[in-house]
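Chemist: Data file protein.txt (compact mmCIF, C-alpha atoms (C1' of nucleotides)) is appended below.
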# COMPACT_ATOMS: atom_id res chain seq x y z
CA MET A 24 102.80 80.71 92.44
CA GLU A 25 100.15 78.16 93.20
CA THR A 26 102.58 75.43 94.17
CA SER A 27 104.51 77.87 96.32
CA SER A 28 101.37 78.96 98.16
CA GLU A 29 100.48 75.34 98.64
CA SER A 30 103.80 74.42 100.21
CA ALA A 31 103.62 77.55 102.36
CA ALA A 32 100.26 76.39 103.69
CA ILE A 33 101.67 72.93 104.39
CA ALA A 34 104.64 74.43 106.21
CA ALA A 35 102.35 76.59 108.35
CA LEU A 36 100.13 73.64 109.17
CA ARG A 37 103.05 71.50 110.23
CA LEU A 38 104.48 74.37 112.24
CA PHE A 39 101.29 74.46 114.30
CA GLN A 40 101.29 70.71 114.78
CA ALA A 41 104.97 70.47 115.66
CA GLY A 42 104.70 73.43 118.02
CA ALA A 43 101.77 71.92 119.90
CA ARG A 44 103.47 68.56 120.14
CA LEU A 45 106.72 70.01 121.46
CA GLU A 46 104.91 72.26 123.93
CA GLU A 47 103.30 69.21 125.49
CA LYS A 48 106.61 67.41 125.71
CA PHE A 49 108.50 70.36 127.16
CA ALA A 50 105.76 71.27 129.62
CA ALA A 51 105.80 67.75 131.01
CA GLY A 52 109.59 67.59 131.19
CA LEU A 53 110.07 70.99 132.79
CA GLY A 54 107.18 70.58 135.20
CA ALA A 55 108.75 67.41 136.54
CA VAL A 56 112.05 69.16 137.35
CA HIS A 57 111.22 72.23 139.44
CA GLY A 58 107.51 72.76 139.05
CA LEU A 59 108.04 75.29 136.28
CA SER A 60 105.68 75.62 133.37
CA LEU A 61 107.14 76.02 129.89
CA LYS A 62 106.25 79.71 129.92
CA ASP A 63 107.84 80.13 133.34
CA ALA A 64 111.06 78.57 132.07
CA LEU A 65 111.08 80.62 128.87
CA LEU A 66 110.50 83.77 130.90
CA LEU A 67 113.42 83.03 133.21
CA MET A 68 115.63 82.15 130.26
CA HIS A 69 114.79 85.41 128.50
CA VAL A 70 115.69 87.40 131.61
CA ALA A 71 118.92 85.46 131.98
CA ASP A 72 119.89 86.20 128.38
CA ALA A 73 118.80 89.83 128.51
CA GLU A 74 121.16 92.75 128.11
CA GLY A 75 121.96 93.96 131.61
CA GLY A 76 120.16 90.99 133.17
CA ARG A 77 116.82 92.73 133.27
CA LEU A 78 113.72 93.16 131.12
CA SER A 79 110.60 95.25 131.36
CA ARG A 80 107.31 93.44 131.42
CA ILE A 81 106.41 94.84 128.03
CA GLU A 82 109.61 93.50 126.51
CA LEU A 83 108.92 90.13 128.11
CA ALA A 84 105.40 90.14 126.72
CA LYS A 85 106.73 90.62 123.20
CA LEU A 86 109.44 88.00 123.56
CA LEU A 87 106.98 85.44 124.94
CA ALA A 88 104.18 86.47 122.57
CA VAL A 89 101.71 86.90 125.41
CA SER A 90 99.76 89.88 126.76
CA PRO A 91 101.20 92.22 129.41
CA SER A 92 98.59 91.01 131.89
CA THR A 93 99.87 87.47 131.49
CA VAL A 94 103.40 88.64 132.29
CA THR A 95 102.18 90.32 135.47
CA ARG A 96 100.30 87.20 136.51
CA THR A 97 103.22 84.92 135.61
CA THR A 98 105.93 86.89 137.37
CA ALA A 99 104.00 87.33 140.63
CA PRO A 100 104.36 83.70 141.82
CA LEU A 101 107.97 83.62 140.65
CA GLU A 102 108.67 86.66 142.83
CA LYS A 103 106.94 84.95 145.75
CA ARG A 104 109.10 81.88 145.24
CA GLY A 105 112.18 84.06 145.32
CA PHE A 106 113.28 83.53 141.73
CA LEU A 107 112.58 87.05 140.51
CA GLY A 108 113.04 90.55 141.90
CA ARG A 109 112.13 94.08 140.88
CA GLU A 110 114.32 96.95 139.83
CA SER A 111 113.30 100.49 138.99
CA HIS A 112 114.48 102.58 136.11
CA ALA A 113 116.71 105.40 137.31
CA HIS A 114 114.85 108.11 135.40
CA ASP A 115 111.43 106.59 134.70
CA ALA A 116 109.35 105.27 137.58
CA ARG A 117 106.93 103.53 135.25
CA PHE A 118 109.31 100.67 134.62
CA ALA A 119 109.36 97.72 136.98
CA TYR A 120 112.16 95.63 135.56
CA VAL A 121 112.26 91.91 136.08
CA VAL A 122 115.59 90.61 137.40
CA LEU A 123 116.85 87.22 138.55
CA THR A 124 117.71 86.56 142.18
CA LYS A 125 120.53 84.17 143.12
CA ALA A 126 117.96 81.40 143.52
CA GLY A 127 116.50 82.42 140.18
CA GLN A 128 119.90 82.10 138.52
CA ARG A 129 120.27 78.58 139.88
CA ALA A 130 116.73 77.72 138.78
CA VAL A 131 117.25 79.02 135.27
CA ALA A 132 120.51 77.09 134.95
CA ASP A 133 118.68 73.90 135.83
CA ALA A 134 115.76 74.74 133.57
CA GLU A 135 118.08 75.50 130.66
CA ALA A 136 119.84 72.19 131.12
CA THR A 137 116.52 70.38 131.11
CA PHE A 138 115.36 72.40 128.12
CA THR A 139 118.49 71.51 126.17
CA ARG A 140 118.19 67.86 127.11
CA LEU A 141 114.56 67.77 125.96
CA ALA A 142 115.47 69.51 122.71
CA ALA A 143 118.30 67.07 122.06
CA ASP A 144 115.88 64.23 122.74
CA VAL A 145 113.41 65.55 120.18
CA PHE A 146 116.04 65.42 117.47
CA SER A 147 117.83 62.31 118.65
CA ASP A 148 116.14 60.17 116.05
CA ARG A 149 117.32 60.29 112.44
CA TRP A 150 118.36 63.96 112.56
CA ALA A 151 121.68 65.15 111.20
CA ALA A 152 123.35 68.12 112.89
CA ALA A 153 123.14 70.08 109.66
CA GLU A 154 119.39 69.51 109.42
CA ILE A 155 118.85 70.85 112.94
CA GLU A 156 120.94 73.89 112.06
CA THR A 157 118.91 74.44 108.90
CA LEU A 158 115.62 74.15 110.75
CA GLY A 159 116.75 76.59 113.41
CA SER A 160 117.97 79.02 110.81
CA LEU A 161 114.75 78.91 108.79
CA LEU A 162 112.60 79.27 111.90
CA GLY A 163 114.71 82.20 112.99
CA ARG A 164 113.54 84.08 109.95
CA LEU A 165 109.92 83.63 111.03
CA ALA A 166 110.38 84.89 114.57
CA MET B 16 127.28 66.53 121.16
CA GLU B 17 127.31 69.83 122.98
CA THR B 18 127.01 71.98 119.88
CA SER B 19 124.29 69.72 118.52
CA SER B 20 122.28 69.97 121.73
CA GLU B 21 122.74 73.69 121.66
CA SER B 22 121.40 74.09 118.15
CA ALA B 23 118.54 71.75 119.01
CA ALA B 24 117.61 74.02 121.90
CA ILE B 25 117.78 77.06 119.64
CA ALA B 26 115.58 75.36 117.07
CA ALA B 27 113.02 74.44 119.72
CA LEU B 28 113.02 77.99 121.08
CA ARG B 29 112.47 79.50 117.67
CA LEU B 30 109.79 76.96 116.92
CA PHE B 31 107.83 78.20 119.92
CA GLN B 32 108.32 81.82 118.96
CA ALA B 33 107.45 81.34 115.31
CA GLY B 34 104.43 79.24 116.20
CA ALA B 35 103.07 81.85 118.57
CA ARG B 36 103.63 84.61 116.06
CA LEU B 37 101.93 82.77 113.23
CA GLU B 38 99.02 81.75 115.42
CA GLU B 39 98.31 85.41 116.14
CA LYS B 40 98.47 86.31 112.49
CA PHE B 41 96.30 83.42 111.34
CA ALA B 42 93.75 83.88 114.10
CA ALA B 43 93.29 87.51 113.12
CA GLY B 44 93.08 86.75 109.40
CA LEU B 45 90.66 83.85 109.72
CA GLY B 46 88.48 85.58 112.27
CA ALA B 47 87.95 88.47 109.91
CA VAL B 48 86.68 86.19 107.13
CA HIS B 49 83.88 84.08 108.61
CA GLY B 50 84.21 84.42 112.35
CA LEU B 51 86.22 81.23 112.59
CA SER B 52 89.01 80.80 115.10
CA LEU B 53 92.23 79.17 113.93
CA LYS B 54 91.29 75.97 115.73
CA ASP B 55 87.84 76.04 114.13
CA ALA B 56 89.41 76.34 110.70
CA LEU B 57 91.97 73.62 111.33
CA LEU B 58 89.23 71.34 112.60
CA LEU B 59 87.13 71.84 109.48
CA MET B 60 90.17 71.37 107.25
CA HIS B 61 91.05 68.12 108.96
CA VAL B 62 87.53 66.79 108.46
CA ALA B 63 87.60 67.86 104.81
CA ASP B 64 90.87 66.03 104.23
CA ALA B 65 89.86 62.95 106.19
CA GLU B 66 89.47 59.53 104.66
CA GLY B 67 85.75 59.07 104.03
CA GLY B 68 85.03 62.68 104.94
CA ARG B 69 84.56 61.92 108.61
CA LEU B 70 86.57 61.78 111.82
CA SER B 71 85.87 60.68 115.34
CA ARG B 72 86.33 63.25 118.08
CA ILE B 73 89.26 61.31 119.47
CA GLU B 74 91.01 61.36 116.10
CA LEU B 75 90.35 65.08 115.86
CA ALA B 76 91.75 65.64 119.32
CA LYS B 77 95.01 63.95 118.31
CA LEU B 78 95.27 65.82 115.03
CA LEU B 79 94.63 69.18 116.69
CA ALA B 80 96.72 68.34 119.78
CA VAL B 81 93.91 69.28 122.15
CA SER B 82 91.88 67.35 124.71
CA PRO B 83 88.70 65.47 123.79
CA SER B 84 86.68 67.89 125.88
CA THR B 85 87.92 70.76 123.78
CA VAL B 86 86.79 68.96 120.63
CA THR B 87 83.33 68.49 122.09
CA ARG B 88 83.14 72.15 123.04
CA THR B 89 84.52 73.31 119.69
CA THR B 90 82.27 71.20 117.48
CA ALA B 91 79.05 72.10 119.31
CA PRO B 92 78.80 75.70 117.98
CA LEU B 93 79.89 74.56 114.52
CA GLU B 94 76.99 72.08 114.54
CA LYS B 95 74.64 74.85 115.63
CA ARG B 96 75.87 77.05 112.79
CA GLY B 97 75.16 74.25 110.35
CA PHE B 98 78.75 73.55 109.33
CA LEU B 99 79.06 70.13 110.95
CA GLY B 100 76.83 67.11 111.33
CA ARG B 101 76.94 63.79 113.15
CA GLU B 102 77.19 60.29 111.79
CA SER B 103 77.11 57.02 113.71
CA HIS B 104 79.34 54.04 113.23
CA ALA B 105 77.42 51.14 111.73
CA HIS B 106 78.59 48.61 114.30
CA ASP B 107 79.74 50.72 117.26
CA ALA B 108 77.33 53.20 118.78
CA ARG B 109 80.08 54.88 120.81
CA PHE B 110 81.35 56.77 117.80
CA ALA B 111 79.81 60.11 116.92
CA TYR B 112 81.67 60.99 113.75
CA VAL B 113 82.12 64.59 112.69
CA VAL B 114 81.12 65.28 109.09
CA LEU B 115 80.83 68.40 106.95
CA THR B 116 77.48 69.70 105.78
CA LYS B 117 77.12 71.46 102.42
CA ALA B 118 77.48 74.79 104.17
CA GLY B 119 80.48 73.37 106.00
CA GLN B 120 82.10 72.41 102.71
CA ARG B 121 81.68 75.93 101.43
CA ALA B 122 83.02 77.37 104.68
CA VAL B 123 86.09 75.14 104.66
CA ALA B 124 86.83 76.04 101.05
CA ASP B 125 86.79 79.71 101.99
CA ALA B 126 88.83 79.09 105.11
CA GLU B 127 91.41 77.05 103.19
CA ALA B 128 91.76 79.84 100.65
CA THR B 129 92.31 82.37 103.41
CA PHE B 130 94.70 80.04 105.18
CA THR B 131 96.74 79.56 102.02
CA ARG B 132 96.77 83.30 101.35
CA LEU B 133 97.99 84.01 104.88
CA ALA B 134 100.67 81.34 104.60
CA ALA B 135 101.86 82.73 101.29
CA ASP B 136 101.98 86.16 102.87
CA VAL B 137 104.16 84.92 105.71
CA PHE B 138 106.77 83.69 103.25
CA SER B 139 106.38 86.45 100.69
CA ASP B 140 109.49 88.21 101.90
CA ARG B 141 112.91 86.89 100.96
CA TRP B 142 111.83 83.24 100.86
CA ALA B 143 112.79 80.95 98.01
CA ALA B 144 110.37 78.18 97.06
CA ALA B 145 112.99 75.58 97.91
CA GLU B 146 113.43 77.01 101.40
CA ILE B 147 109.72 76.77 102.10
CA GLU B 148 109.75 73.19 100.88
CA THR B 149 112.70 72.39 103.14
CA LEU B 150 111.05 73.98 106.15
CA GLY B 151 107.83 72.07 105.56
CA SER B 152 109.72 68.84 105.11
CA LEU B 153 111.75 69.25 108.29
CA LEU B 154 108.70 70.25 110.32
CA GLY B 155 106.86 67.24 108.96
CA ARG B 156 109.35 65.01 110.71
CA LEU B 157 108.51 66.63 114.05
CA ALA B 158 104.74 66.22 113.76
C1' DG C 22 103.86 125.08 133.19
C1' DG C 23 99.28 123.08 132.51
C1' DA C 24 96.47 120.22 129.44
C1' DT C 25 96.63 116.39 126.50
C1' DG C 26 98.45 112.18 124.91
C1' DA C 27 101.44 108.18 125.26
C1' DT C 28 103.59 104.41 127.95
C1' DG C 29 104.23 100.70 131.61
C1' DT C 30 101.80 98.10 134.78
C1' DT C 31 97.97 96.12 137.22
C1' DT C 32 93.14 94.69 137.93
C1' DC C 33 88.77 92.94 136.34
C1' DC C 34 85.94 90.15 133.53
C1' DA C 35 84.64 87.02 129.91
C1' DT C 36 86.24 83.15 127.52
C1' DA C 37 89.13 78.94 126.50
C1' DT C 38 91.38 74.88 128.13
C1' DG C 39 92.74 70.41 130.38
C1' DG C 40 91.83 66.79 133.63
C1' DA C 41 88.79 64.20 136.55
C1' DA C 42 84.57 62.20 136.92
C1' DG C 43 80.40 60.58 134.84
C1' DT C 44 77.76 58.08 131.08
C1' DA C 45 77.09 54.87 127.43
C1' DA C 46 78.61 51.24 124.61
C1' DT C 47 81.80 47.53 123.35
C1' DA C 48 85.56 44.12 124.31
C1' DT C 49 87.62 40.61 127.25
C1' DG C 50 88.18 36.85 130.48
C1' DG C 51 86.41 33.57 133.51
C1' DC D 28 76.73 34.78 130.24
C1' DC D 29 78.26 37.74 133.67
C1' DA D 30 81.83 40.82 135.71
C1' DT D 31 85.47 43.69 134.61
C1' DA D 32 88.10 46.55 131.66
C1' DT D 33 88.43 49.53 127.79
C1' DT D 34 86.90 53.07 124.61
C1' DA D 35 84.29 57.27 122.94
C1' DC D 36 82.17 61.02 124.45
C1' DT D 37 80.29 64.60 127.65
C1' DT D 38 80.03 67.45 131.79
C1' DC D 39 82.03 69.85 135.60
C1' DC D 40 85.47 72.44 137.82
C1' DA D 41 89.78 74.76 138.48
C1' DT D 42 93.10 77.32 136.06
C1' DA D 43 95.10 80.24 132.25
C1' DT D 44 94.55 83.84 128.98
C1' DG D 45 93.52 88.23 126.43
C1' DG D 46 91.38 92.71 126.22
C1' DA D 47 89.30 96.68 128.32
C1' DA D 48 89.60 99.74 131.92
C1' DA D 49 92.02 101.90 135.66
C1' DC D 50 96.08 103.93 137.49
C1' DA D 51 100.62 106.06 137.66
C1' DT D 52 104.25 108.26 135.35
C1' DC D 53 106.42 110.55 131.64
C1' DA D 54 106.50 113.23 127.06
C1' DT D 55 104.70 116.75 124.06
C1' DC D 56 102.56 120.86 122.68
C1' DC D 57 100.54 125.29 123.19
Could the structure of this file be written out as structure tokens, please?
Modeler:
Amino acid sequence: METSSESAAIAALRLFQAGARLEEKFAAGLGAVHGLSLKDALLLMHVADAEGGRLSRIELAKLLAVSPSTVTRTTAPLEKRGFLGRESHAHDARFAYVVLTKAGQRAVADAEATFTRLAADVFSDRWAAAEIETLGSLLGRLA
Amino acid sequence: METSSESAAIAALRLFQAGARLEEKFAAGLGAVHGLSLKDALLLMHVADAEGGRLSRIELAKLLAVSPSTVTRTTAPLEKRGFLGRESHAHDARFAYVVLTKAGQRAVADAEATFTRLAADVFSDRWAAAEIETLGSLLGRLA
DNA sequence: GGATGATGTTTCCATATGGAAGTAATATGG
DNA sequence: CCATATTACTTCCATATGGAAACATCATCC
């Protein structure tokens, strides 16, 4: 039990370190492409992958692990830039769904390409395909 | 190449999600114990584990993946609370090493115990010891 | 069907953060 | 040795964030 707790603590510690390191790298890479922050890109990608092509701000907040107020503040400039639009729920006027515009679809395609390239770059050194799969699978159980 | 890039992107995405989720959990758990933020606790733990029991603020900034100014701002209240002290380099007056006081050593022991308990809790469900080891090992190569 | 409670969103405020600039001390190059 | 560059640290400022409160809408209960 003790050794297991110990390795759990080590895994958590390294998760924080690796996460911070990758966030820096991805923020720099994505910012250079289309002036998108990492959170901007993740937000657009979540909307693109969403069922029906739209997400409420609450759903986005949960997916991005940020507060609802942050989603409001983040989406506003992306609407101004023409990447995002609004859509109402047919039977519930409280919802203000986030949807991608045409320009937003182009932007998210570019951002996803950059994201994938950056991810491939992270693992380009001494990583076997199976190891990347294993890491993704294990991390999936934490999210 | 394509499939490998794809799984790399998925792994990176899940790393961000898992990291954010665990940060919330750990911040709540550690805050409840001794009013320490996660970054406070990690800072103290790094100093405790450091060679010679001391670290420069620049070294701390790298270990915590934050800016030097954040280290300055973070250590100041911990000095006031009596957890941290300062030590000068014998031959270079630029260095203001961060060291633990007696109270700081007690605090970091408590924080480490809480940290380990929280980590164990995260993996308490359907995780084999070998899987935790594997995850920690793979993450170690990213940090 | 009117009061109460719950939900989605926005606004406001206090706090946290990074980067640039400033300060102090050491290293380097002539 | 003196000027310049580099390094460690701090301060200042602009921005990002979460949480509480406000607001609008919908659901529930009597």
Chemist: List the spatial neighbours of stretch 111-118 of chain B as a PDB file with C-alpha atoms, in the coordinates of the input - criterion: any atom at most 6 Å away, only C-alpha atoms (C1' of nucleotides), same-chain residues fewer than 6 positions off excluded.
Modeler:
ATOM      1  CA  ARG B  69      84.560  61.920 108.610  1.00  0.00           C
ATOM      2  CA  LEU B  70      86.570  61.780 111.820  1.00  0.00           C
ATOM      3  CA  SER B  71      85.870  60.680 115.340  1.00  0.00           C
ATOM      4  CA  PHE B  98      78.750  73.550 109.330  1.00  0.00           C
ATOM      5  CA  LEU B  99      79.060  70.130 110.950  1.00  0.00           C
ATOM      6  CA  GLY B 100      76.830  67.110 111.330  1.00  0.00           C
ATOM      7  CA  ARG B 101      76.940  63.790 113.150  1.00  0.00           C
ATOM      8  CA  GLU B 102      77.190  60.290 111.790  1.00  0.00           C
ATOM      9  CA  SER B 103      77.110  57.020 113.710  1.00  0.00           C
TER      10      SER B 103
END
Chemist: For atom CA of A:Gly159 and atom CA of B:Ala42, quote the distance in Å rounded to one decimal.
Modeler: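 So the answer is 24.1 Å.
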Chemist: So, with only C-alpha atoms (C1' of nucleotides) as the atoms that count, which of C:DT28, C:DT49, C:DT38, C:DT44 lies closest to chain B?
Modeler: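 Smallest separation from chain B among the options: C:DT38.
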Chemist: Return as CSV the residues of chain D lying at most 9 Å from chain B, together with the closest atom-to-atom pair for each and the distance in Å to one decimal, counting only C-alpha atoms (C1' of nucleotides), with rows in chain order and ascending residue number.
Modeler:
residue,atom,partner,partner_atom,distance
D:DT34,C1',B:Arg109,CA,8.0
D:DA35,C1',B:Arg109,CA,5.3
D:DC36,C1',B:Arg109,CA,7.4
D:DT37,C1',B:Ser84,CA,7.4
D:DT38,C1',B:Ser84,CA,8.9
Chemist: Within 8 Å of chain A, which residues belong to chain B? Use only C-alpha atoms and report them as a PyMOL selection string.
Modeler: chain B and resi 19-27+29-38+78-80+130-132+134-135+137-138+144+146-148+150-155+157-158
Chemist: At what distance in Å, to one decimal, does atom CA of B:Val62 lie from atom CA of B:Thr90?
Modeler: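 Computed distance, atom CA of B:Thr90 to atom CA of B:Val62, equals 11.3 Å.
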Chemist: My list of candidates is C:DT31, C:DT25, C:DT36, C:DT47. Which is closest to chain A when distances are computed with only C-alpha atoms (C1' of nucleotides)?
Modeler: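 Result for the nearest residue to chain A: C:DT31.
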Chemist: Which residue gives the smallest distance to chain C among B:Lys54, B:Arg121, B:Arg96, B:His61, with all atoms listed in the file counted?
Modeler: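 Of B:Lys54, B:Arg121, B:Arg96, B:His61, the one nearest chain C, counting all atoms listed in the file, is B:Lys54.
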Chemist: Between C:DG50, C:DG40, C:DG22, C:DG29, single out the one closest to chain A, counting only C-alpha atoms (C1' of nucleotides).
Modeler: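 Answer, going by the shortest atom-to-atom distance: C:DG29.
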Chemist: Which is closest to chain A among C:DG51, C:DG39, C:DG23, C:DT30, if we use all atoms listed in the file?
Modeler: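 With all atoms listed in the file as the atom set, the closest residue is C:DT30.
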